[in-house]
file model-v3.cif (mmCIF, C-alpha atoms and all ligand atoms)
data_run
#
loop_
_atom_site.label_atom_id
_atom_site.label_comp_id
_atom_site.auth_asym_id
_atom_site.auth_seq_id
_atom_site.Cartn_x
_atom_site.Cartn_y
_atom_site.Cartn_z
CA VAL A 1 11.56 15.60 -8.27
CA PRO A 2 9.86 12.71 -10.05
CA THR A 3 10.44 13.87 -13.65
CA THR A 4 13.46 15.73 -14.97
CA ARG A 5 14.49 17.23 -18.31
CA ASP A 6 17.75 16.16 -19.86
CA PRO A 7 20.06 18.82 -21.35
CA GLY A 8 18.28 18.36 -24.70
CA GLY A 9 14.96 19.20 -23.03
CA ARG A 10 13.52 15.69 -23.18
CA LEU A 11 11.43 14.61 -20.22
CA ARG A 12 12.73 11.66 -18.20
CA ALA A 13 11.37 9.54 -15.38
CA GLY A 14 13.65 7.22 -13.44
CA GLY A 15 16.38 8.25 -15.86
CA VAL A 16 14.44 6.95 -18.89
CA ASP A 17 13.54 9.09 -21.89
CA LEU A 18 9.75 9.28 -21.99
CA LEU A 19 9.44 10.22 -25.65
CA GLY A 20 11.35 7.05 -26.48
CA ILE A 21 8.74 5.08 -24.57
CA ALA A 22 5.80 6.93 -26.13
CA LEU A 23 7.15 6.18 -29.61
CA ASP A 24 8.08 2.57 -28.89
CA PRO A 25 5.63 0.27 -30.68
CA ARG A 26 6.24 -2.43 -28.06
CA TYR A 27 4.14 -0.45 -25.57
CA GLY A 28 1.89 2.00 -27.37
CA THR A 29 0.07 4.91 -25.73
CA PRO A 30 -1.70 5.57 -23.46
CA ALA A 31 1.06 4.15 -21.27
CA TYR A 32 1.71 4.49 -17.57
CA VAL A 33 5.40 4.75 -16.71
CA TYR A 34 6.39 4.09 -13.11
CA ASP A 35 9.74 4.82 -11.50
CA LEU A 36 10.31 1.97 -9.07
CA GLY A 37 13.39 3.73 -7.69
CA GLY A 38 11.29 6.73 -6.67
CA MET A 39 8.74 4.49 -4.95
CA THR A 40 11.53 2.67 -3.13
CA SER A 41 12.88 6.00 -1.86
CA GLU A 42 9.44 7.01 -0.57
CA ALA A 43 9.12 3.73 1.33
CA ARG A 44 12.61 4.11 2.79
CA ALA A 45 11.93 7.65 3.99
CA LEU A 46 8.69 6.54 5.61
CA GLU A 47 10.31 3.53 7.28
CA ALA A 48 12.99 5.83 8.69
CA ALA A 49 10.35 8.11 10.24
CA PHE A 50 9.55 5.37 12.78
CA GLU A 51 13.11 5.52 14.15
CA GLY A 52 13.12 1.84 15.01
CA ALA A 53 9.85 1.89 16.97
CA PRO A 54 7.56 -1.11 16.34
CA HIS A 55 5.49 -0.35 13.27
CA LEU A 56 4.08 -1.54 9.97
CA VAL A 57 3.69 0.42 6.76
CA ALA A 58 0.70 -1.44 5.31
CA TYR A 59 0.75 -0.18 1.73
CA ALA A 60 -2.79 0.34 0.39
CA VAL A 61 -2.67 -1.96 -2.62
CA LYS A 62 -5.66 -0.29 -4.25
CA ALA A 63 -3.51 2.74 -5.11
CA ASN A 64 -1.32 0.76 -7.51
CA SER A 65 -1.49 -3.00 -7.50
CA ALA A 66 1.14 -3.78 -10.15
CA GLY A 67 3.40 -6.69 -9.18
CA PRO A 68 6.69 -4.80 -9.66
CA VAL A 69 5.39 -2.02 -7.40
CA LEU A 70 4.28 -4.44 -4.67
CA ARG A 71 7.57 -6.33 -4.86
CA ALA A 72 9.61 -3.11 -4.67
CA LEU A 73 7.67 -1.93 -1.61
CA ALA A 74 7.77 -5.36 0.03
CA ALA A 75 11.55 -5.33 -0.38
CA GLU A 76 11.59 -2.15 1.73
CA GLY A 77 9.66 -3.85 4.50
CA CYS A 78 6.14 -2.75 3.62
CA GLY A 79 3.16 -4.92 4.39
CA ALA A 80 -0.20 -4.46 2.70
CA ASP A 81 -3.67 -3.11 3.31
CA VAL A 82 -5.97 -5.03 0.99
CA VAL A 83 -9.67 -4.65 0.23
CA SER A 84 -10.50 -7.86 -1.61
CA GLY A 85 -9.56 -11.51 -1.75
CA ALA A 86 -7.85 -10.87 -5.09
CA GLU A 87 -5.68 -8.11 -3.63
CA LEU A 88 -4.87 -10.41 -0.72
CA GLU A 89 -3.74 -13.24 -3.03
CA LEU A 90 -1.69 -10.81 -5.09
CA ALA A 91 0.05 -9.38 -2.02
CA LEU A 92 0.97 -12.92 -0.95
CA LEU A 93 2.25 -13.76 -4.44
CA CYS A 94 4.41 -10.64 -4.35
CA GLY A 95 6.15 -11.87 -1.23
CA ILE A 96 4.27 -10.05 1.52
CA HIS A 97 4.01 -12.24 4.61
CA PRO A 98 0.43 -12.97 5.78
CA GLU A 99 1.24 -11.51 9.21
CA ARG A 100 1.95 -8.18 7.52
CA ILE A 101 -1.41 -7.93 5.78
CA VAL A 102 -4.53 -6.19 7.04
CA PHE A 103 -7.87 -6.51 5.24
CA SER A 104 -10.24 -3.51 5.14
CA GLY A 105 -13.65 -3.23 3.47
CA VAL A 106 -17.25 -2.76 4.50
CA ALA A 107 -18.69 -5.82 2.76
CA LYS A 108 -16.14 -8.61 2.70
CA LEU A 109 -17.49 -11.77 1.10
CA ASP A 110 -17.51 -15.09 2.96
CA PRO A 111 -14.87 -16.63 0.66
CA GLU A 112 -12.71 -13.55 1.24
CA LEU A 113 -13.01 -13.95 5.01
CA ASP A 114 -12.13 -17.63 4.61
CA LEU A 115 -9.01 -16.69 2.70
CA ALA A 116 -7.96 -14.18 5.35
CA ILE A 117 -8.50 -16.74 8.11
CA SER A 118 -6.82 -19.65 6.36
CA ARG A 119 -3.66 -18.15 4.87
CA GLY A 120 -0.33 -18.61 6.65
CA GLN A 121 0.26 -20.20 10.04
CA ALA A 122 -2.43 -18.16 11.77
CA GLY A 123 -4.30 -16.21 9.11
CA ILE A 124 -3.45 -12.66 8.11
CA GLY A 125 -2.40 -9.96 10.59
CA ALA A 126 -5.91 -8.60 11.03
CA ILE A 127 -9.32 -8.49 9.44
CA GLN A 128 -10.39 -4.88 9.97
CA LEU A 129 -13.95 -4.98 11.23
CA GLU A 130 -16.09 -2.23 9.76
CA SER A 131 -19.35 -3.11 11.50
CA ILE A 132 -20.70 -4.96 14.53
CA GLU A 133 -22.58 -7.21 12.11
CA GLU A 134 -19.30 -8.49 10.72
CA ILE A 135 -18.29 -9.99 14.08
CA PRO A 136 -20.64 -13.03 14.10
CA ARG A 137 -19.79 -13.63 10.44
CA VAL A 138 -16.06 -13.81 11.19
CA GLU A 139 -16.74 -15.91 14.29
CA ALA A 140 -18.74 -18.44 12.24
CA ARG A 141 -16.10 -18.71 9.50
CA ALA A 142 -13.25 -19.10 12.00
CA THR A 143 -15.15 -21.62 14.11
CA ALA A 144 -15.89 -23.72 11.01
CA VAL A 145 -12.17 -24.24 10.37
CA GLY A 146 -11.09 -24.30 14.01
CA ARG A 147 -8.93 -21.21 13.81
CA ILE A 148 -8.72 -17.97 15.77
CA ALA A 149 -9.28 -14.99 13.48
CA ARG A 150 -7.33 -11.91 14.44
CA VAL A 151 -9.32 -8.73 13.99
CA SER A 152 -9.02 -5.03 14.55
CA ALA A 153 -11.88 -2.62 15.04
CA ARG A 154 -12.01 0.16 12.47
CA VAL A 155 -13.34 3.14 14.36
CA ASN A 156 -15.16 5.90 12.55
CA PRO A 157 -14.21 8.85 14.73
CA GLY A 158 -16.95 11.07 13.26
CA VAL A 159 -14.65 13.91 12.32
CA GLU A 160 -16.63 16.83 10.83
CA ARG A 161 -16.57 16.54 7.06
CA ASP A 162 -15.44 20.18 6.76
CA MET A 163 -12.58 19.46 9.10
CA LEU A 164 -11.42 16.64 6.83
CA GLY A 165 -10.82 19.35 4.22
CA THR A 166 -10.68 16.89 1.35
CA HIS A 167 -12.99 16.01 -1.52
CA ALA A 168 -16.33 14.54 -0.39
CA HIS A 169 -15.69 11.33 -2.34
CA ILE A 170 -12.49 10.61 -0.43
CA ALA A 171 -13.62 11.66 3.05
CA THR A 172 -14.37 8.50 5.00
CA GLY A 173 -14.16 9.39 8.68
CA HIS A 174 -17.33 11.45 9.12
CA ASP A 175 -20.60 10.22 10.55
CA GLU A 176 -22.41 9.90 7.22
CA ALA A 177 -19.76 7.61 5.76
CA LYS A 178 -20.33 3.87 5.43
CA PHE A 179 -16.89 3.09 6.79
CA GLY A 180 -15.97 1.83 10.22
CA ILE A 181 -17.81 1.40 13.50
CA PRO A 182 -19.04 4.74 14.87
CA LYS A 183 -17.02 5.59 17.95
CA GLU A 184 -20.21 5.70 20.03
CA ASP A 185 -20.85 2.03 19.11
CA ILE A 186 -17.43 0.72 20.09
CA GLY A 187 -18.73 -0.42 23.49
CA LEU A 188 -21.37 -2.54 21.74
CA ALA A 189 -18.76 -3.98 19.40
CA LEU A 190 -16.62 -4.95 22.38
CA ASP A 191 -19.64 -6.62 24.02
CA GLU A 192 -20.19 -8.61 20.82
CA LEU A 193 -16.51 -9.53 20.66
CA ARG A 194 -16.63 -10.78 24.25
CA ARG A 195 -19.22 -13.35 23.17
CA THR A 196 -16.89 -14.86 20.57
CA THR A 197 -14.58 -17.82 21.03
CA HIS A 198 -12.69 -17.75 17.71
CA VAL A 199 -12.11 -14.03 17.24
CA GLN A 200 -9.29 -12.17 18.89
CA LEU A 201 -9.13 -8.36 18.98
CA VAL A 202 -5.53 -7.37 18.26
CA GLY A 203 -5.83 -3.79 17.11
CA PHE A 204 -7.75 -0.58 16.62
CA THR A 205 -7.80 1.22 13.29
CA SER A 206 -9.03 4.37 11.67
CA HIS A 207 -8.70 5.79 8.17
CA VAL A 208 -10.55 9.06 7.75
CA GLY A 209 -9.81 10.24 4.24
CA SER A 210 -7.31 10.75 1.48
CA GLN A 211 -5.14 13.48 -0.02
CA PHE A 212 -4.72 15.42 3.22
CA THR A 213 -2.60 18.48 2.56
CA SER A 214 -2.13 19.28 6.23
CA THR A 215 -1.60 17.00 9.20
CA ASP A 216 -4.45 18.55 11.25
CA ALA A 217 -7.34 16.22 10.41
CA TYR A 218 -5.06 13.18 10.58
CA GLU A 219 -3.78 14.23 13.97
CA SER A 220 -7.27 14.89 15.28
CA ALA A 221 -8.58 11.50 14.09
CA ALA A 222 -5.53 9.72 15.49
CA ARG A 223 -6.02 11.44 18.85
CA SER A 224 -9.63 10.32 18.90
CA LEU A 225 -8.50 6.74 18.19
CA PHE A 226 -5.85 6.84 20.91
CA ASP A 227 -8.42 8.14 23.41
CA ILE A 228 -10.68 5.19 22.67
CA VAL A 229 -7.88 2.65 22.93
CA ARG A 230 -6.72 4.15 26.21
CA SER A 231 -10.20 4.01 27.68
CA VAL A 232 -10.95 0.40 26.71
CA ARG A 233 -7.50 -1.07 27.06
CA ALA A 234 -7.67 -2.12 30.70
CA GLU A 235 -10.74 -4.24 30.06
CA HIS A 236 -10.24 -5.38 26.45
CA GLY A 237 -6.61 -4.83 25.68
CA ARG A 238 -4.86 -7.98 26.72
CA ALA A 239 -4.25 -9.17 23.17
CA LEU A 240 -3.77 -5.72 21.59
CA THR A 241 -0.64 -5.47 19.51
CA PHE A 242 -1.20 -2.45 17.27
CA ILE A 243 -2.95 0.81 16.57
CA ASP A 244 -3.45 1.76 12.93
CA THR A 245 -3.97 5.42 12.10
CA GLY A 246 -4.61 4.75 8.41
CA GLY A 247 -3.36 6.39 5.25
CA GLY A 248 -4.40 9.55 3.47
CA PHE A 249 -1.06 11.37 3.26
CA GLY A 250 -1.38 13.86 0.42
CA ILE A 251 0.99 14.52 -2.44
CA ASP A 252 1.73 17.75 -4.28
CA TYR A 253 -0.33 17.78 -7.47
CA GLY A 254 1.12 21.21 -8.27
CA GLU A 255 -0.81 23.28 -5.79
CA GLY A 256 2.10 23.93 -3.48
CA CYS A 257 4.23 22.46 -0.79
CA ILE A 258 2.56 20.09 1.61
CA PRO A 259 3.72 17.86 4.49
CA ARG A 260 5.81 14.84 3.70
CA PRO A 261 4.54 11.34 4.64
CA ALA A 262 7.05 11.30 7.50
CA ASP A 263 5.32 14.37 8.99
CA PHE A 264 2.04 12.44 9.30
CA VAL A 265 3.91 9.64 11.03
CA SER A 266 5.54 12.13 13.39
CA VAL A 267 2.22 13.60 14.54
CA ALA A 268 0.75 10.12 15.00
CA ARG A 269 3.77 9.00 17.01
CA ALA A 270 3.60 12.10 19.19
CA GLY A 271 -0.09 11.44 19.90
CA GLN A 272 0.61 7.80 20.63
CA ARG A 273 3.34 8.72 23.11
CA ALA A 274 1.15 11.35 24.76
CA ALA A 275 -1.58 8.72 25.22
CA GLY A 276 0.89 6.32 26.83
CA LEU A 277 0.37 3.74 24.10
CA ASP A 278 3.83 3.50 22.65
CA ASP A 279 4.24 -0.13 23.66
CA LEU A 280 1.83 -0.93 20.80
CA ALA A 281 3.08 -1.08 17.22
CA LEU A 282 1.94 1.85 15.09
CA TYR A 283 0.50 0.85 11.72
CA VAL A 284 -0.15 3.27 8.86
CA GLU A 285 -1.84 2.54 5.51
CA PRO A 286 -0.44 4.90 2.90
CA GLY A 287 -1.28 4.33 -0.74
CA ARG A 288 -1.03 7.48 -2.81
CA SER A 289 1.99 8.97 -1.05
CA LEU A 290 4.25 6.00 -1.83
CA VAL A 291 3.48 5.78 -5.53
CA GLY A 292 1.48 8.78 -6.81
CA ALA A 293 4.32 11.13 -7.72
CA HIS A 294 6.34 8.35 -9.32
CA GLY A 295 4.05 7.55 -12.20
CA VAL A 296 3.15 9.44 -15.35
CA LEU A 297 0.57 8.70 -18.00
CA LEU A 298 1.92 9.19 -21.50
CA ALA A 299 -0.54 10.12 -24.22
CA THR A 300 -0.18 10.91 -27.90
CA THR A 301 -1.95 13.85 -29.48
CA VAL A 302 -4.64 12.60 -31.83
CA GLN A 303 -5.55 16.02 -33.18
CA ALA A 304 -5.87 19.66 -32.27
CA LYS A 305 -9.21 21.36 -32.67
CA ARG A 306 -10.00 25.03 -32.76
CA THR A 307 -13.41 26.49 -32.15
CA ARG A 308 -13.48 29.69 -34.10
CA SER A 309 -16.92 31.10 -33.33
CA GLY A 310 -17.71 32.66 -29.98
CA GLU A 311 -14.84 32.46 -27.54
CA SER A 312 -12.11 30.80 -29.54
CA ARG A 313 -10.59 27.82 -27.85
CA ARG A 314 -7.83 25.35 -28.57
CA TRP A 315 -8.59 21.76 -27.73
CA LEU A 316 -5.83 19.23 -27.52
CA MET A 317 -7.35 15.82 -28.08
CA ILE A 318 -5.17 13.07 -26.73
CA ASP A 319 -5.45 9.30 -26.83
CA ALA A 320 -5.77 8.96 -23.01
CA GLY A 321 -9.21 9.41 -21.55
CA LEU A 322 -11.19 9.05 -18.37
CA ASN A 323 -11.15 5.30 -18.88
CA ASP A 324 -7.36 5.42 -18.39
CA LEU A 325 -7.26 8.06 -15.62
CA LEU A 326 -10.56 8.61 -13.86
CA ARG A 327 -9.47 11.00 -11.10
CA PRO A 328 -10.28 14.27 -12.93
CA ALA A 329 -13.80 13.08 -13.77
CA LEU A 330 -14.42 11.39 -10.41
CA TYR A 331 -12.92 13.92 -8.01
CA GLN A 332 -12.42 17.03 -10.17
CA ALA A 333 -8.73 16.33 -9.64
CA ARG A 334 -6.21 18.35 -11.58
CA HIS A 335 -3.03 16.76 -12.91
CA ARG A 336 -0.23 18.80 -14.44
CA ILE A 337 0.32 18.06 -18.13
CA VAL A 338 3.60 18.77 -19.89
CA GLY A 339 5.09 18.11 -23.32
CA LEU A 340 7.72 15.40 -23.64
CA LEU A 341 10.05 17.90 -25.34
CA ALA A 342 11.07 21.19 -23.72
CA HIS A 343 8.51 23.91 -24.11
CA GLY A 344 9.88 26.82 -26.15
CA GLU A 345 8.76 30.43 -25.85
CA ASP A 346 5.71 30.10 -28.03
CA LEU A 347 3.07 28.85 -25.63
CA ALA A 348 -0.71 28.74 -25.64
CA PRO A 349 -3.49 27.59 -23.35
CA TRP A 350 -4.88 24.24 -24.44
CA ARG A 351 -7.95 22.50 -23.11
CA VAL A 352 -6.73 18.92 -22.93
CA VAL A 353 -9.44 16.31 -23.43
CA GLY A 354 -9.67 12.59 -24.07
CA PRO A 355 -11.58 10.65 -26.73
CA VAL A 356 -14.32 9.24 -24.50
CA CYS A 357 -17.91 10.31 -25.17
CA GLU A 358 -18.40 12.05 -21.83
CA SER A 359 -18.08 15.77 -21.13
CA ALA A 360 -16.24 14.82 -17.94
CA ASP A 361 -13.46 13.37 -20.09
CA ASP A 362 -11.55 16.62 -19.61
CA PHE A 363 -8.10 17.11 -18.08
CA GLY A 364 -8.49 20.91 -17.84
CA GLU A 365 -6.60 23.83 -19.33
CA HIS A 366 -2.81 23.63 -19.60
CA VAL A 367 -0.17 25.91 -21.05
CA LEU A 368 1.67 23.97 -23.75
CA PRO A 369 3.55 24.81 -26.96
CA SER A 370 1.25 26.54 -29.44
CA THR A 371 2.30 24.00 -32.07
CA PRO A 372 0.53 20.92 -30.67
CA PRO A 373 3.05 18.63 -28.96
CA HIS A 374 3.31 15.16 -30.43
CA ALA A 375 2.91 13.55 -27.00
CA VAL A 376 2.36 14.67 -23.43
CA ALA A 377 2.85 13.36 -19.93
CA ILE A 378 0.11 13.61 -17.35
CA LEU A 379 2.07 13.91 -14.12
CA ASP A 380 1.53 12.38 -10.67
CA ALA A 381 -0.52 9.53 -12.10
CA GLY A 382 1.09 6.66 -10.17
CA ALA A 383 -1.80 6.25 -7.71
CA TYR A 384 -5.46 5.50 -8.45
CA GLY A 385 -4.67 5.56 -12.17
CA TYR A 386 -4.39 2.12 -13.73
CA THR A 387 -6.23 0.54 -10.79
CA MET A 388 -9.34 2.56 -11.67
CA ALA A 389 -8.97 2.16 -15.43
CA SER A 390 -11.75 0.58 -17.46
CA ARG A 391 -12.43 -0.45 -21.02
CA TYR A 392 -15.34 2.00 -21.43
CA ASN A 393 -16.08 2.88 -25.05
CA GLY A 394 -14.27 -0.26 -26.21
CA ARG A 395 -10.88 1.14 -25.29
CA PRO A 396 -8.20 -1.31 -24.17
CA LEU A 397 -6.52 -0.88 -20.79
CA PRO A 398 -3.36 1.26 -21.02
CA ALA A 399 0.19 -0.09 -21.25
CA GLU A 400 2.38 -0.12 -18.14
CA VAL A 401 6.15 0.38 -18.20
CA PHE A 402 8.29 -0.04 -15.09
CA VAL A 403 11.63 1.75 -14.98
CA ARG A 404 14.49 1.93 -12.53
CA ASP A 405 17.92 3.57 -12.70
CA GLY A 406 17.73 4.53 -16.35
CA ARG A 407 16.29 1.36 -17.83
CA VAL A 408 13.01 -0.38 -18.45
CA VAL A 409 12.73 -3.28 -16.01
CA THR A 410 9.54 -4.80 -17.32
CA ALA A 411 6.46 -3.71 -19.23
CA ARG A 412 3.03 -4.77 -20.25
CA ARG A 413 1.80 -3.56 -23.63
CA ARG A 414 -1.60 -2.12 -24.31
CA ALA A 415 -4.02 -4.87 -25.32
CA PRO A 416 -5.10 -4.87 -28.96
CA ALA A 417 -8.57 -3.41 -29.56
CA MET A 418 -9.69 -6.69 -31.11
CA GLU A 419 -9.34 -8.35 -27.72
CA TRP A 420 -12.21 -6.23 -26.47
CA VAL A 421 -14.23 -6.98 -29.59
CA ALA A 422 -13.78 -10.72 -29.07
CA ASP A 423 -14.57 -10.39 -25.38
CA ARG A 424 -17.81 -8.49 -25.87
CA ASN A 425 -19.00 -10.59 -28.81
CA ILE A 426 -21.00 -12.83 -26.49
CA GLU A 427 -22.98 -15.30 -28.56
C1 LIG A 501 -8.87 1.68 4.57
C2 LIG A 501 -7.95 2.47 3.72
N1 LIG A 501 -6.65 2.53 4.04
C3 LIG A 501 -5.77 3.22 3.28
C4 LIG A 501 -6.16 3.90 2.15
C5 LIG A 501 -5.12 4.61 1.36
O1 LIG A 501 -5.32 5.98 1.27
P1 LIG A 501 -4.22 6.90 0.60
O2 LIG A 501 -3.95 6.37 -0.76
O3 LIG A 501 -4.85 8.23 0.54
O4 LIG A 501 -3.01 6.88 1.46
C6 LIG A 501 -7.50 3.89 1.78
C7 LIG A 501 -7.94 4.63 0.60
O5 LIG A 501 -9.02 4.64 0.14
C8 LIG A 501 -8.42 3.15 2.59
O6 LIG A 501 -9.71 3.08 2.26
#

call {"tool": "encode", "arguments": {"input": "model-v3.cif", "output": "structure tokens"}}
result
Amino acid sequence: VPTTRDPGGRLRAGGVDLLGIALDPRYGTPAYVYDLGGMTSEARALEAAFEGAPHLVAYAVKANSAGPVLRALAAEGCGADVVSGAELELALLCGIHPERIVFSGVAKLDPELDLAISRGQAGIGAIQLESIEEIPRVEARATAVGRIARVSARVNPGVERDMLGTHAHIATGHDEAKFGIPKEDIGLALDELRRTTHVQLVGFTSHVGSQFTSTDAYESAARSLFDIVRSVRAEHGRALTFIDTGGGFGIDYGEGCIPRPADFVSVARAGQRAAGLDDLALYVEPGRSLVGAHGVLLATTVQAKRTRSGESRRWLMIDAGLNDLLRPALYQARHRIVGLLAHGEDLAPWRVVGPVCESADDFGEHVLPSTPPHAVAILDAGAYGYTMASRYNGRPLPAEVFVRDGRVVTARRRAPAMEWVADRNIE
């Protein structure tokens, strides 16, 4: 359970009193609070699910790229799945070995490819090819510096979008998505790879979507990937070292019990064994499931508003908006919202909204004390929260506070509004 209430009814995360943080002028609200201990436990449980078999948990840095988070996960043996040169540099700075980094993305820039090829003794673990057109580009960059670039082919297995059962914006493994090489084109990609001299195919990858609340679509996509690898291995598999079934493991945003990350690994391992491919390392790329439940976004109530005409409604206007947490506006995601003090008996439905001038800046209806709470916590905000935050409407990026075992480990305060003013005052 990521948050708990102490005997006095105050909400805690990682053993730290959240109201104390919300009121602390050193941070200010909106403030993300992350429990590094909780993230560490997630990583440990996932590592254990491999039962010593060769594997890599390549944490998807885009979910939460804060240094303390990356360092905590690296300490548990995680590698990284990055999608930009900046994420790659950050992962290296946080102690992740180049060999343990894979680089995804449909339009990697030349300097980003150069970085991936040049870092470490032999470049990063794999550049994940998302198109046939990328192959000659990687070949040219690697040839220019006299190195062999290790690559994997990201297969788009063309799973029916309905089967993916997730929001359209986070479904990536269907045939209208821009991601990956369509499975029907894999033969052509292998032909193109055969013509290269400085590119070595070391893996096959697929990532078909996010926030899966059952293992079915993941299992089906993994099976499709294993089938492909089995069929091409004899001819193209000499240098293969891994198969990567991607991330997408869902978390419980309050809608009920769902599989644990280890369950996704179990179905992938079973499929891998059934396909006779268990001599290859199994890579997975979880983002959300390692960090999502272990972060909250604290917000202070700015004012309550009541519409009295028509259908009366109570609005709770808080100082966090879609610029701080975009998921509700982008994916119609619902996050639970609770008061930082125990809720008494006197409750009322509140429509919780942010200050941004967009109707989509709306966190939905939540039952909260009828006397407006001073501050609230938006739960399960550890993934795709801060990393998607913006300064829209001249609002500074939120504070971030990192806690572990009952104390604040490190924090970054919210920037002063004048910083934005100075930044935008381009002469
Ligand atoms: C290539 C790739 N791998 C991994 C992930 C992580 O997904 P999740 O956070 O759902 O585990 C993503 C998410 O967009 C992705 O695009």

call {"tool": "residues_near_ligand", "arguments": {"input": "model-v3.cif", "ligand": "ligand LIG 501 (chain A)", "cutoff": "6 Å", "atoms": "only C-alpha atoms and all ligand atoms", "output": "JSON, numbers by chain"}}
result
{"A": [60, 63, 104, 207, 210, 211, 246, 247, 248, 249, 285, 286, 287, 288, 289]}

call {"tool": "residues_around", "arguments": {"input": "model-v3.cif", "residues": "Gly28 (chain A)", "least_positions_apart": "4", "cutoff": "7 Å", "atoms": "all atoms listed in the file", "output": "JSON, numbers by chain"}}
result
{"A": [22, 24, 399, 413, 414]}

call {"tool": "closest_residue", "arguments": {"input": "model-v3.cif", "among": "A:Asp279, A:Asp17, A:Asp362, A:Asp185", "to": "Gly237 (chain A)", "atoms": "all atoms listed in the file"}}
result
A:Asp279

call {"tool": "residues_around", "arguments": {"input": "model-v3.cif", "residues": "Gly79 (chain A)", "least_positions_apart": "4", "cutoff": "9 Å", "atoms": "only C-alpha atoms", "output": "PyMOL selection string"}}
result
chain A and resi 56-60+73-74+91+96-102

call {"tool": "axis_aligned_box", "arguments": {"input": "model-v3.cif", "around": "region 345-360 of chain A", "padding_each_side": "8 Å", "output": "AutoDock Vina command-line options"}}
result
--center_x -4.8 --center_y 19.8 --center_z -23.0 --size_x 43.2 --size_y 37.2 --size_z 26.1

call {"tool": "residues_around", "arguments": {"input": "model-v3.cif", "residues": "Val82 (chain A)", "least_positions_apart": "2", "cutoff": "6 Å", "atoms": "only C-alpha atoms", "output": "PyMOL selection string"}}
result
chain A and resi 61+84+87-88+103

call {"tool": "write_last_selection", "arguments": {"input": "model-v3.cif", "atoms": "C-alpha atoms", "output": "PDB file, in the frame of the given file"}}
result
ATOM      1  CA  VAL A  61      -2.670  -1.960  -2.620  1.00  0.00           C
ATOM      2  CA  SER A  84     -10.500  -7.860  -1.610  1.00  0.00           C
ATOM      3  CA  GLU A  87      -5.680  -8.110  -3.630  1.00  0.00           C
ATOM      4  CA  LEU A  88      -4.870 -10.410  -0.720  1.00  0.00           C
ATOM      5  CA  PHE A 103      -7.870  -6.510   5.240  1.00  0.00           C
TER       6      PHE A 103
END

call {"tool": "closest_residue", "arguments": {"input": "model-v3.cif", "among": "A:Ala304, A:Ile258, A:Ala189, A:Val155", "to": "His236 (chain A)", "atoms": "only C-alpha atoms"}}
result
A:Ala189

call {"tool": "closest_residue", "arguments": {"input": "model-v3.cif", "among": "A:Gly295, A:Pro259, A:Pro349, A:Pro136", "to": "Tyr386 (chain A)", "atoms": "all atoms listed in the file"}}
result
A:Gly295

call {"tool": "closest_residue", "arguments": {"input": "model-v3.cif", "among": "A:Leu115, A:Ala31, A:Ile21, A:Val69", "to": "Ala86 (chain A)", "atoms": "all atoms listed in the file"}}
result
A:Leu115

call {"tool": "closest_residue", "arguments": {"input": "model-v3.cif", "among": "A:Thr29, A:Thr301, A:Asn323, A:Thr307", "to": "Gly339 (chain A)", "atoms": "all atoms listed in the file"}}
result
A:Thr301

call {"tool": "atom_distance", "arguments": {"input": "model-v3.cif", "atom1": "CA of Asp405 (chain A)", "atom2": "CA of Phe363 (chain A)"}}
result
29.8 Å

call {"tool": "closest_residue", "arguments": {"input": "model-v3.cif", "among": "A:Gly120, A:Pro182, A:Gly344, A:Pro416", "to": "Val367 (chain A)", "atoms": "only C-alpha atoms"}}
result
A:Gly344

call {"tool": "residues_around", "arguments": {"input": "model-v3.cif", "residues": "Ala360 (chain A)", "least_positions_apart": "2", "cutoff": "8 Å", "atoms": "only C-alpha atoms", "output": "PyMOL selection string"}}
result
chain A and resi 322+328-329+358+362

call {"tool": "residues_near_point", "arguments": {"input": "model-v3.cif", "point": "(-10.6, 0.7, 13.2)", "cutoff": "9 Å", "atoms": "only C-alpha atoms", "output": "list of chain:residue names"}}
result
A:Gln128, A:Leu129, A:Glu130, A:Ser152, A:Ala153, A:Arg154, A:Val155, A:Asn156, A:Gly180, A:Ile181, A:Gly203, A:Phe204, A:Thr205, A:Ser206, A:His207, A:Leu225, A:Ile243, A:Asp244, A:Thr245, A:Gly246

call {"tool": "write_last_selection", "arguments": {"input": "model-v3.cif", "atoms": "C-alpha atoms", "output": "compact mmCIF listing (two decimals), in the coordinates of the input"}}
result
# COMPACT_ATOMS: atom_id res chain seq x y z
CA GLN A 128 -10.39 -4.88 9.97
CA LEU A 129 -13.95 -4.98 11.23
CA GLU A 130 -16.09 -2.23 9.76
CA SER A 152 -9.02 -5.03 14.55
CA ALA A 153 -11.88 -2.62 15.04
CA ARG A 154 -12.01 0.16 12.47
CA VAL A 155 -13.34 3.14 14.36
CA ASN A 156 -15.16 5.90 12.55
CA GLY A 180 -15.97 1.83 10.22
CA ILE A 181 -17.81 1.40 13.50
CA GLY A 203 -5.83 -3.79 17.11
CA PHE A 204 -7.75 -0.58 16.62
CA THR A 205 -7.80 1.22 13.29
CA SER A 206 -9.03 4.37 11.67
CA HIS A 207 -8.70 5.79 8.17
CA LEU A 225 -8.50 6.74 18.19
CA ILE A 243 -2.95 0.81 16.57
CA ASP A 244 -3.45 1.76 12.93
CA THR A 245 -3.97 5.42 12.10
CA GLY A 246 -4.61 4.75 8.41

call {"tool": "residues_around", "arguments": {"input": "model-v3.cif", "residues": "His343 (chain A)", "least_positions_apart": "2", "cutoff": "10 Å", "atoms": "all atoms listed in the file", "output": "list in words"}}
result
Gly9, Arg10, Val338, Gly339, Leu340, Leu341, Glu345, Asp346, Leu347, Val367, Leu368, Pro369, Ser370 and Pro373 of chain A
